[in-house]
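J.: My structure file input_15.csv, CSV, C-alpha atoms, is below:
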```
chain,number,residue,atom,x,y,z
A,1,MET,CA,131.4,89.0,71.9
A,2,SER,CA,130.6,89.0,75.6
A,3,ASP,CA,133.2,89.5,78.3
A,4,ASP,CA,132.8,85.9,79.4
A,5,ARG,CA,133.4,84.7,75.8
A,6,LYS,CA,136.5,86.9,75.6
A,7,LYS,CA,137.9,85.3,78.7
A,8,LEU,CA,137.8,81.9,77.0
A,9,LYS,CA,140.7,83.1,74.8
A,10,ASN,CA,143.0,83.0,77.8
A,11,THR,CA,142.1,79.5,79.1
A,12,ARG,CA,144.9,77.0,79.1
A,13,ARG,CA,143.4,73.7,80.3
A,14,TRP,CA,140.3,72.1,79.0
A,15,VAL,CA,138.3,68.9,79.3
A,16,VAL,CA,136.5,68.0,76.1
A,17,LYS,CA,133.8,65.4,76.2
A,18,ILE,CA,132.6,63.8,73.0
A,19,GLY,CA,129.3,62.0,73.1
A,20,SER,CA,128.1,58.7,71.6
A,21,ALA,CA,125.6,60.4,69.2
A,22,LEU,CA,128.6,62.2,67.6
A,23,LEU,CA,131.1,59.4,67.6
A,24,THR,CA,128.9,56.6,66.2
A,25,ASP,CA,127.1,56.5,63.0
A,26,ASN,CA,123.7,55.6,64.5
A,27,GLY,CA,125.2,52.6,66.1
A,28,CYS,CA,127.0,51.4,62.9
A,29,GLY,CA,130.6,52.0,63.9
A,30,LEU,CA,132.7,55.1,64.5
A,31,LYS,CA,132.7,58.2,62.4
A,32,HIS,CA,136.4,58.2,61.7
A,33,GLU,CA,136.3,61.3,59.5
A,34,LEU,CA,134.7,63.4,62.3
A,35,LEU,CA,137.1,62.0,64.9
A,36,ASP,CA,140.0,63.0,62.7
A,37,ASN,CA,138.6,66.5,62.5
A,38,TRP,CA,138.3,66.9,66.3
A,39,VAL,CA,141.8,65.5,66.8
A,40,LYS,CA,143.2,68.0,64.2
A,41,GLN,CA,141.6,70.8,66.2
A,42,ILE,CA,142.9,69.5,69.5
A,43,VAL,CA,146.4,69.3,68.1
A,44,SER,CA,146.1,72.9,66.8
A,45,LEU,CA,144.9,74.0,70.3
A,46,ASN,CA,147.8,72.2,71.9
A,47,GLU,CA,150.2,74.2,69.7
A,48,ARG,CA,148.6,77.3,71.1
A,49,GLY,CA,149.5,76.1,74.6
A,50,ILE,CA,146.1,74.7,75.5
A,51,GLU,CA,146.2,71.3,77.4
A,52,ILE,CA,143.3,69.1,76.7
A,53,VAL,CA,142.0,65.9,78.3
A,54,ILE,CA,139.4,64.0,76.2
A,55,VAL,CA,136.5,62.2,77.9
A,56,SER,CA,135.1,59.9,75.2
A,57,SER,CA,131.9,58.1,75.0
A,58,GLY,CA,131.2,55.5,72.3
A,59,ALA,CA,132.7,52.2,73.7
A,60,VAL,CA,129.4,50.5,74.3
A,61,ALA,CA,127.9,51.8,71.0
A,62,GLU,CA,131.0,50.7,69.1
A,63,GLY,CA,130.9,47.3,70.7
A,64,VAL,CA,127.2,47.0,69.8
A,65,ALA,CA,128.1,47.7,66.2
A,66,ARG,CA,131.0,45.3,66.2
A,67,LEU,CA,129.0,42.5,67.7
A,68,GLY,CA,126.2,43.0,65.1
A,69,TRP,CA,123.5,43.9,67.7
A,70,LYS,CA,120.7,46.1,66.5
A,71,THR,CA,120.0,47.9,69.8
A,72,ARG,CA,121.9,48.7,73.0
A,73,PRO,CA,121.2,45.8,75.5
A,74,ASN,CA,119.8,46.3,78.9
A,75,ILE,CA,121.4,43.3,80.6
A,76,ILE,CA,124.5,44.2,82.6
A,77,HIS,CA,126.8,41.5,81.4
A,78,GLU,CA,126.0,42.2,77.8
A,79,LEU,CA,126.7,45.9,78.3
A,80,GLN,CA,130.0,44.9,79.9
A,81,ALA,CA,130.9,42.7,76.9
A,82,ALA,CA,130.0,45.5,74.4
A,83,ALA,CA,132.1,48.0,76.4
A,84,ALA,CA,135.1,45.6,76.4
A,85,VAL,CA,134.8,44.9,72.6
A,86,GLY,CA,134.1,48.5,71.7
A,87,GLN,CA,136.9,50.0,73.8
A,88,MET,CA,139.4,48.3,71.6
A,89,GLY,CA,138.1,50.0,68.5
A,90,LEU,CA,137.6,53.4,70.2
A,91,ILE,CA,141.1,53.7,71.5
A,92,GLN,CA,142.6,52.3,68.3
A,93,ALA,CA,140.7,55.0,66.3
A,94,TYR,CA,142.1,57.8,68.6
A,95,GLU,CA,145.6,56.4,68.4
A,96,VAL,CA,145.6,56.3,64.6
A,97,CYS,CA,144.3,59.9,64.4
A,98,PHE,CA,146.8,61.4,66.8
A,99,GLN,CA,149.7,59.5,65.3
A,100,LYS,CA,149.1,61.4,62.1
A,101,TYR,CA,150.3,64.5,64.0
A,102,GLY,CA,153.1,62.7,65.8
A,103,LYS,CA,151.3,62.7,69.2
A,104,HIS,CA,151.0,59.9,71.7
A,105,THR,CA,147.7,58.9,73.4
A,106,ALA,CA,147.0,57.3,76.8
A,107,GLN,CA,144.0,55.4,77.9
A,108,ILE,CA,142.6,56.2,81.4
A,109,LEU,CA,139.7,54.1,82.6
A,110,LEU,CA,138.0,55.3,85.8
A,111,THR,CA,135.2,54.1,88.0
A,112,HIS,CA,133.4,55.8,90.9
A,113,ASP,CA,135.7,53.9,93.2
A,114,ASP,CA,138.7,55.8,91.8
A,115,ILE,CA,136.9,59.1,92.6
A,116,ALA,CA,135.7,57.9,96.1
A,117,ASN,CA,139.1,56.6,97.3
A,118,ARG,CA,141.3,59.5,98.3
A,119,VAL,CA,144.6,57.8,97.4
A,120,ARG,CA,143.4,56.6,94.0
A,121,TYR,CA,141.9,60.0,93.4
A,122,LEU,CA,145.2,61.7,94.0
A,123,ASN,CA,147.0,59.0,91.8
A,124,ALA,CA,144.6,59.7,88.9
A,125,ARG,CA,145.2,63.5,89.3
A,126,THR,CA,149.0,62.9,89.3
A,127,SER,CA,148.8,60.6,86.3
A,128,LEU,CA,146.8,63.0,84.2
A,129,ASN,CA,149.0,66.0,85.1
A,130,THR,CA,152.1,64.0,84.2
A,131,LEU,CA,150.6,62.9,80.8
A,132,LEU,CA,149.7,66.5,80.0
A,133,SER,CA,153.2,67.7,80.9
A,134,LEU,CA,154.6,65.2,78.5
A,135,GLY,CA,152.4,66.4,75.7
A,136,VAL,CA,150.4,63.1,75.6
A,137,ALA,CA,146.7,63.2,74.8
A,138,PRO,CA,144.8,61.4,77.7
A,139,ILE,CA,141.6,59.6,76.6
A,140,VAL,CA,139.3,59.0,79.6
A,141,ASN,CA,136.3,56.7,79.9
A,142,GLU,CA,134.4,54.9,82.6
A,143,ASN,CA,135.6,51.3,83.1
A,144,ASP,CA,132.3,49.9,81.9
A,145,SER,CA,133.7,46.5,81.1
A,146,VAL,CA,134.1,45.6,84.9
A,147,ALA,CA,131.7,48.1,86.6
A,148,THR,CA,128.0,47.6,87.1
A,149,ASP,CA,126.5,50.7,88.8
A,150,GLU,CA,128.5,53.0,86.4
A,151,ILE,CA,126.6,51.5,83.4
A,152,ARG,CA,123.3,51.8,85.1
A,153,LEU,CA,123.7,55.2,86.7
A,154,GLY,CA,126.9,56.8,85.3
A,155,ASP,CA,127.3,59.1,82.4
A,156,ASN,CA,130.3,60.7,80.7
A,157,ASP,CA,129.0,64.2,81.2
A,158,THR,CA,129.4,63.7,85.0
A,159,LEU,CA,132.7,61.9,84.5
A,160,ALA,CA,134.0,64.9,82.4
A,161,ALA,CA,133.0,67.3,85.1
A,162,LEU,CA,134.7,65.2,87.8
A,163,VAL,CA,137.9,65.1,85.6
A,164,ALA,CA,137.6,68.9,85.3
A,165,ASN,CA,137.7,69.1,89.1
A,166,LEU,CA,140.5,66.5,89.2
A,167,ILE,CA,142.9,68.6,87.0
A,168,ASP,CA,141.6,72.1,87.8
A,169,ALA,CA,140.4,72.7,84.2
A,170,GLU,CA,139.4,76.2,83.3
A,171,LEU,CA,136.9,75.0,80.6
A,172,LEU,CA,134.6,72.0,80.2
A,173,VAL,CA,133.4,71.5,76.6
A,174,LEU,CA,130.5,69.1,76.2
A,175,LEU,CA,130.2,68.2,72.5
A,176,THR,CA,126.9,66.8,71.4
A,177,ASP,CA,124.7,66.5,68.3
A,178,GLN,CA,122.8,69.7,69.2
A,179,LYS,CA,124.1,73.3,68.9
A,180,GLY,CA,123.5,73.8,72.6
A,181,LEU,CA,120.6,74.2,75.0
A,182,PHE,CA,117.4,75.3,73.4
A,183,THR,CA,114.2,76.7,74.9
A,184,ALA,CA,112.4,73.6,73.4
A,185,ASN,CA,113.4,70.5,71.5
A,186,PRO,CA,114.6,71.9,68.1
A,187,ARG,CA,113.8,68.6,66.4
A,188,LEU,CA,110.1,69.0,67.3
A,189,ASP,CA,109.6,72.8,67.7
A,190,SER,CA,110.8,75.1,64.9
A,191,THR,CA,110.4,78.2,67.2
A,192,ALA,CA,113.0,76.8,69.7
A,193,LYS,CA,115.7,79.3,70.4
A,194,LEU,CA,119.3,78.7,71.4
A,195,ILE,CA,120.3,79.8,74.9
A,196,GLU,CA,123.6,81.5,74.3
A,197,GLU,CA,124.6,82.1,77.9
A,198,GLY,CA,123.4,81.3,81.3
A,199,LYS,CA,124.5,80.6,84.9
A,200,ALA,CA,125.5,77.1,85.9
A,201,GLY,CA,122.9,75.9,88.4
A,202,ASP,CA,120.1,78.2,87.2
A,203,LYS,CA,116.9,76.2,87.9
A,204,VAL,CA,115.1,77.9,85.0
A,205,LEU,CA,117.5,76.2,82.5
A,206,ALA,CA,116.6,72.7,83.9
A,207,ALA,CA,113.0,73.1,82.5
A,208,TYR,CA,114.4,73.1,79.0
A,209,ALA,CA,116.5,69.9,79.4
A,210,GLY,CA,115.6,66.6,77.9
A,211,ASP,CA,116.8,63.0,78.2
A,212,GLY,CA,119.5,61.1,76.3
A,213,GLY,CA,119.1,59.0,73.2
A,214,SER,CA,119.2,55.2,72.7
A,215,LEU,CA,123.0,55.0,72.1
A,216,GLY,CA,124.1,57.2,75.0
A,217,ARG,CA,123.2,57.7,78.7
A,218,GLY,CA,123.3,61.5,78.9
A,219,GLY,CA,121.1,64.3,77.8
A,220,MET,CA,120.8,68.0,78.4
A,221,ARG,CA,119.8,67.3,82.0
A,222,THR,CA,123.1,65.5,82.7
A,223,LYS,CA,125.0,68.3,81.0
A,224,LEU,CA,123.5,70.9,83.2
A,225,LYS,CA,124.3,68.8,86.3
A,226,ALA,CA,127.8,68.4,85.0
A,227,ALA,CA,128.2,72.2,84.7
A,228,VAL,CA,127.2,72.5,88.4
A,229,ILE,CA,129.9,70.0,89.4
A,230,ALA,CA,132.4,71.8,87.2
A,231,THR,CA,131.9,75.0,89.2
A,232,ARG,CA,133.5,73.4,92.2
A,233,SER,CA,136.9,74.0,90.5
A,234,GLY,CA,135.8,77.3,89.0
A,235,THR,CA,135.4,75.7,85.6
A,236,GLN,CA,133.2,77.3,82.9
A,237,THR,CA,131.1,75.0,80.7
A,238,ILE,CA,130.2,75.1,77.0
A,239,ILE,CA,127.6,72.8,75.4
A,240,ALA,CA,128.1,72.8,71.7
A,241,SER,CA,127.7,70.9,68.5
A,242,GLY,CA,130.6,68.6,67.5
A,243,ASN,CA,129.2,68.6,64.0
A,244,ASP,CA,130.0,72.3,63.5
A,245,ASP,CA,133.2,73.0,61.5
A,246,ASN,CA,136.1,74.0,63.7
A,247,ILE,CA,133.9,74.1,66.8
A,248,LEU,CA,136.8,73.8,69.2
A,249,ILE,CA,138.8,76.5,67.4
A,250,ASN,CA,135.8,78.8,67.4
A,251,ILE,CA,135.4,78.3,71.2
A,252,ALA,CA,139.0,79.1,71.8
A,253,ASP,CA,138.6,82.3,69.7
A,254,GLY,CA,135.8,83.4,71.9
A,255,GLU,CA,133.2,83.2,69.1
A,256,ASN,CA,129.5,83.1,70.0
A,257,VAL,CA,128.9,79.3,69.6
A,258,GLY,CA,127.0,76.8,71.8
A,259,THR,CA,125.6,77.5,75.2
A,260,LEU,CA,128.1,79.0,77.7
A,261,LEU,CA,127.3,78.3,81.4
A,262,THR,CA,129.3,80.6,83.6
A,263,THR,CA,130.1,80.6,87.3
A,264,ASN,CA,131.1,83.4,89.6
A,265,LYS,CA,132.1,81.0,92.3
A,266,GLU,CA,135.7,80.8,93.4
A,267,PRO,CA,137.3,77.4,93.2
A,268,ILE,CA,137.0,75.4,96.4
A,269,ALA,CA,140.1,73.6,97.8
A,270,ALA,CA,141.0,70.4,96.1
A,271,ARG,CA,140.3,68.3,99.2
A,272,LYS,CA,136.8,69.8,99.5
A,273,GLN,CA,136.2,69.2,95.8
A,274,TRP,CA,136.9,65.6,96.4
A,275,LEU,CA,134.5,65.5,99.4
A,276,ALA,CA,131.8,67.3,97.4
A,277,ASN,CA,132.0,64.6,94.7
A,278,GLN,CA,131.4,61.7,97.0
A,279,SER,CA,127.9,60.1,96.7
A,280,HIS,CA,128.5,57.2,99.1
A,281,VAL,CA,128.8,57.8,102.8
A,282,GLN,CA,129.5,55.3,105.6
A,283,GLY,CA,127.2,56.8,108.2
A,284,THR,CA,125.0,59.7,109.3
A,285,ILE,CA,125.0,62.1,112.2
A,286,THR,CA,122.0,64.4,113.1
A,287,LEU,CA,122.9,68.0,114.1
A,288,ASP,CA,121.0,70.3,116.5
A,289,ASP,CA,120.1,73.8,115.4
A,290,GLY,CA,123.1,75.4,117.0
A,291,ALA,CA,125.5,73.1,115.1
A,292,ILE,CA,123.8,73.8,111.8
A,293,VAL,CA,124.2,77.6,112.4
A,294,ALA,CA,127.9,77.1,113.3
A,295,LEU,CA,128.5,75.2,110.1
A,296,THR,CA,126.4,77.0,107.6
A,297,ARG,CA,126.7,80.6,108.8
A,298,ASN,CA,129.9,80.8,110.8
A,299,GLY,CA,132.1,78.3,108.9
A,300,LYS,CA,133.0,76.5,112.1
A,301,SER,CA,134.1,72.9,112.7
A,302,LEU,CA,131.6,70.3,114.0
A,303,LEU,CA,131.9,69.6,117.7
A,304,PRO,CA,130.5,66.5,119.4
A,305,VAL,CA,128.2,68.7,121.6
A,306,GLY,CA,126.2,69.7,118.5
A,307,ILE,CA,125.3,66.1,117.6
A,308,SER,CA,121.9,64.6,118.6
A,309,ALA,CA,122.0,61.2,116.9
A,310,VAL,CA,124.4,58.8,115.2
A,311,SER,CA,123.6,56.0,112.7
A,312,GLY,CA,125.6,53.6,110.6
A,313,ASP,CA,128.9,51.8,111.2
A,314,PHE,CA,131.8,53.9,110.3
A,315,LYS,CA,135.5,54.2,111.1
A,316,ARG,CA,137.8,57.1,111.8
A,317,GLY,CA,138.7,58.9,108.6
A,318,GLU,CA,135.6,57.8,106.6
A,319,ILE,CA,133.1,60.0,105.0
A,320,ILE,CA,129.8,60.7,106.9
A,321,ALA,CA,126.8,62.8,106.2
A,322,CYS,CA,125.6,65.6,108.5
A,323,VAL,CA,121.8,66.0,108.4
A,324,ASP,CA,119.2,68.1,110.2
A,325,LYS,CA,116.2,66.9,112.2
A,326,THR,CA,114.2,66.2,109.0
A,327,GLY,CA,117.0,64.1,107.4
A,328,SER,CA,118.1,66.8,104.9
A,329,VAL,CA,121.8,66.6,104.2
A,330,ILE,CA,123.6,69.7,105.4
A,331,ALA,CA,127.2,68.7,104.9
A,332,ARG,CA,129.7,65.8,104.4
A,333,GLY,CA,133.0,65.3,106.0
A,334,LEU,CA,135.8,63.1,107.3
A,335,THR,CA,135.1,62.0,110.9
A,336,ASN,CA,137.8,62.0,113.6
A,337,TYR,CA,135.9,59.4,115.6
A,338,ASP,CA,134.4,56.0,114.7
A,339,SER,CA,130.6,55.3,115.1
A,340,VAL,CA,131.0,53.7,118.5
A,341,GLN,CA,132.9,56.6,119.9
A,342,ALA,CA,130.6,59.1,118.2
A,343,LYS,CA,127.6,57.6,120.0
A,344,LEU,CA,129.4,57.9,123.3
A,345,ILE,CA,130.4,61.5,122.9
A,346,MET,CA,127.4,63.0,121.1
A,347,GLY,CA,126.0,66.0,122.9
A,348,LYS,CA,129.0,66.0,125.3
A,349,SER,CA,131.5,68.8,126.1
A,350,ASN,CA,135.2,68.3,125.6
A,351,ASN,CA,135.7,67.8,129.4
A,352,GLU,CA,133.1,65.1,129.5
A,353,ILE,CA,134.6,63.4,126.4
A,354,GLU,CA,138.0,63.1,128.0
A,355,LYS,CA,136.4,61.4,131.0
A,356,LEU,CA,134.4,59.0,128.8
A,357,LEU,CA,137.2,58.0,126.5
A,358,GLY,CA,140.1,58.4,128.8
A,359,GLN,CA,141.6,60.9,126.4
A,360,LEU,CA,140.6,63.6,123.9
A,361,ASP,CA,142.1,62.8,120.5
A,362,GLU,CA,140.5,65.7,118.7
A,363,ASP,CA,138.3,68.6,119.8
A,364,GLU,CA,136.2,68.3,116.6
A,365,LEU,CA,134.2,65.4,115.3
A,366,ILE,CA,134.8,66.9,111.8
A,367,HIS,CA,137.3,69.7,111.3
A,368,ARG,CA,136.1,72.5,109.0
A,369,ASP,CA,139.0,71.7,106.6
A,370,ASN,CA,137.6,68.3,106.1
A,371,LEU,CA,133.9,69.4,105.7
A,372,ILE,CA,131.9,70.5,102.7
A,373,LEU,CA,128.5,72.1,102.8
A,374,VAL,CA,126.1,70.5,100.2
```
Starting from the coordinates I provided, produce the structure as structure tokens.

T.:
Amino acid sequence: MSDDRKKLKNTRRWVVKIGSALLTDNGCGLKHELLDNWVKQIVSLNERGIEIVIVSSGAVAEGVARLGWKTRPNIIHELQAAAAVGQMGLIQAYEVCFQKYGKHTAQILLTHDDIANRVRYLNARTSLNTLLSLGVAPIVNENDSVATDEIRLGDNDTLAALVANLIDAELLVLLTDQKGLFTANPRLDSTAKLIEEGKAGDKVLAAYAGDGGSLGRGGMRTKLKAAVIATRSGTQTIIASGNDDNILINIADGENVGTLLTTNKEPIAARKQWLANQSHVQGTITLDDGAIVALTRNGKSLLPVGISAVSGDFKRGEIIACVDKTGSVIARGLTNYDSVQAKLIMGKSNNEIEKLLGQLDEDELIHRDNLILV
């Protein structure tokens, strides 16, 4: 047992993601027996003092089965319909399983908008923390029945990692139908070897990753990306087989199961985690070489004097991207000035800014506390 495995024995807050390939019987409904087994393990871990949030796939696949469709559709409104129908069966199944052990469940449906909006992000964080404190089992899924880009682009591996950031989880468990990450596809190559441990973000591991199956949206590639996101809150990640007996118990006991992806990074501040998770920005500012050095090497705030160009239409307090001369993103942050003001004051000193605007609201265009390097 490695030292990193031993440390897992002391973890007290997990996010467990269960994939579609595990939950559904090849598209023919849910595997209730397996679901009951995972719930039994989760309840047992709760009794040890481990809090667990479940991120569950399977709504679309269950809906496809209930509607009698043979394959997962590609048309958005049909996917939304399948998600709406399937969500009923999915949550009902969880509720029945947890009620056997006298535990309540709660359904939490999130979209990218809930992550992008600071107020809703904090509300989701508070709700999940409150549910955990009450001993309730939160079941999280993307709100596929009303969203469009989430169905096309989203995946529950990423969502699980974002939830890990949201609640400051110590461990992210990605349960799949494989025993972990292999050096090759074990279904096709009998010489493929399981990678027992690695570092989250190691580019060598990405070469071994494949794509998802027909029922789900994820694959090993998305799991590796999720592990990188999880590092923002100092979270370790395990990719393991949900088909293995007592897999969650074995993980908690520090046994050598699955692929453990570790991180040596210290958790970044919650506000900066939120900034790092934003994929949509309202505008872009181009930095000169001096500003790039100030941000990346010296940890300084961004001053208007270091800006050479401004694009987009953004308001004070919105998220903007900071790029170099080639357009590569250096950082993201919350701007203290809107786009009109930013264009006026770019390249100017504080004395010049006060003359241009009639006042100097902030010394910095982006304060370092509201800025994250990417």

J.: To one decimal place in Å, what is the distance between CA of Gly254 in chain A and CA of Lys6 in chain A?

T.: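 CA of Lys6 in chain A lies at a distance of 5.1 Å from CA of Gly254 in chain A.
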
J.: Which polymer residues have any atom within 10 Å of an atom of Ala321 in chain A, counting only C-alpha atoms, with same-chain residues fewer than 5 positions away left out, as a PyMOL selection string?

T.: chain A and resi 279-286+311+327-335+371-372+374

J.: Around (142.2, 57.9, 90.7) in the file's own coordinates, what residues are found within 12 Å if you use all atoms listed in the file, given back as a ChimeraX atom specification?

T.: /A:108-129,140,142,162-163,166-167,274

J.: Compile the contact shell of Asn10 in chain A as a PyMOL selection string: residues with an atom at most 12 Å away, counting all atoms listed in the file, same-chain residues fewer than 3 positions apart removed.

T.: chain A and resi 3-7+13-14+45+48-50+170-171+251-254

J.: Using the file's own x, y and z axes, what box holds all listed atoms of range 76-82 of chain A with 8 Å on each side, keeping edges along x, y and z, and what are its centre and edge lengths in Å to one decimal, as AutoDock Vina command-line options?

T.:
```
--center_x 127.7 --center_y 43.7 --center_z 78.5 --size_x 22.4 --size_y 20.4 --size_z 24.2
```

J.: Contacts of Ile292 in chain A at 9 Å or less, counting only C-alpha atoms, minus same-chain residues fewer than 3 places along, as an mmCIF file with C-alpha atoms, in the coordinates of the input?

T.:
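Output below, filename part19.cif:
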```
data_model
loop_
_atom_site.group_PDB
_atom_site.id
_atom_site.type_symbol
_atom_site.label_atom_id
_atom_site.label_comp_id
_atom_site.auth_asym_id
_atom_site.auth_seq_id
_atom_site.Cartn_x
_atom_site.Cartn_y
_atom_site.Cartn_z
ATOM 1 C CA LEU A 287 122.900 68.000 114.100
ATOM 2 C CA ASP A 288 121.000 70.300 116.500
ATOM 3 C CA ASP A 289 120.100 73.800 115.400
ATOM 4 C CA LEU A 295 128.500 75.200 110.100
ATOM 5 C CA THR A 296 126.400 77.000 107.600
ATOM 6 C CA ARG A 297 126.700 80.600 108.800
ATOM 7 C CA LEU A 302 131.600 70.300 114.000
ATOM 8 C CA GLY A 306 126.200 69.700 118.500
ATOM 9 C CA VAL A 323 121.800 66.000 108.400
ATOM 10 C CA ASP A 324 119.200 68.100 110.200
ATOM 11 C CA ILE A 330 123.600 69.700 105.400
#
```

J.: With only C-alpha atoms as the basis for distance, which of A:Asn246, A:Ser308, A:Asn370, A:Thr176 is at the shortest distance from Ile18 in chain A?

T.: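 With only C-alpha atoms as the atom set, the closest residue is A:Thr176.
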
J.: Return the single residue from A:Leu131, A:Leu90, A:Ala291, A:Ala342 that is closest to Ala309 in chain A, with distances computed using only C-alpha atoms.

T.: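 For Ala309 in chain A, the nearest of the candidates is A:Ala342.
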
J.: Find the spatial neighbours of Gly180 in chain A, counting only C-alpha atoms, within a cut-off of 6 Å - ignore same-chain residues fewer than 3 positions away - and output them as JSON, numbers by chain.

T.: {"A": [239, 240, 258, 259]}

J.: Point out the residue among A:Glu266, A:Asp363, A:Leu34, A:Ala192 with the least atom-to-atom distance to Asp168 in chain A, counting only C-alpha atoms.

T.: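 Going through A:Glu266, A:Asp363, A:Leu34, A:Ala192 one by one, the smallest distance to Asp168 in chain A is for A:Glu266.
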
J.: Give me, please, the distance in Å between CA of Ala161 in chain A and CA of Gly234 in chain A, quoted to one decimal.

T.: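 According to the coordinates, CA of Ala161 in chain A and CA of Gly234 in chain A are separated by 11.1 Å.
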
J.: Have a look at A:Leu172, A:Leu188, A:Leu248, A:Leu260 and name the one nearest to Ala200 in chain A; count only C-alpha atoms.

T.: A:Leu260

J.: Can you work out which one of A:Gly242, A:Gly299, A:Gly317, A:Gly89 has the shortest atom-to-atom distance to Lys179 in chain A, counting only C-alpha atoms?

T.: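 Using only C-alpha atoms, Lys179 in chain A sits closest to A:Gly242.
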
J.: Report the distance between CA of Val85 in chain A and CA of Gly63 in chain A in Å, rounded to one decimal place.

T.: 5.0 Å

J.: Using all atoms listed in the file, which of the listed residues (A:Ile249, A:Lys300, A:His32, A:Asn141) sits closest to Glu47 in chain A?

T.: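 Of the candidates, the smallest distance to Glu47 in chain A is held by A:Ile249.
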
J.: Excluding same-chain residues fewer than 3 positions from range 67-69 of chain A, what lies within 10 Å of it counting all atoms listed in the file, as a ChimeraX atom specification?

T.: /A:27-28,61-64,72-73,81-82,85-86
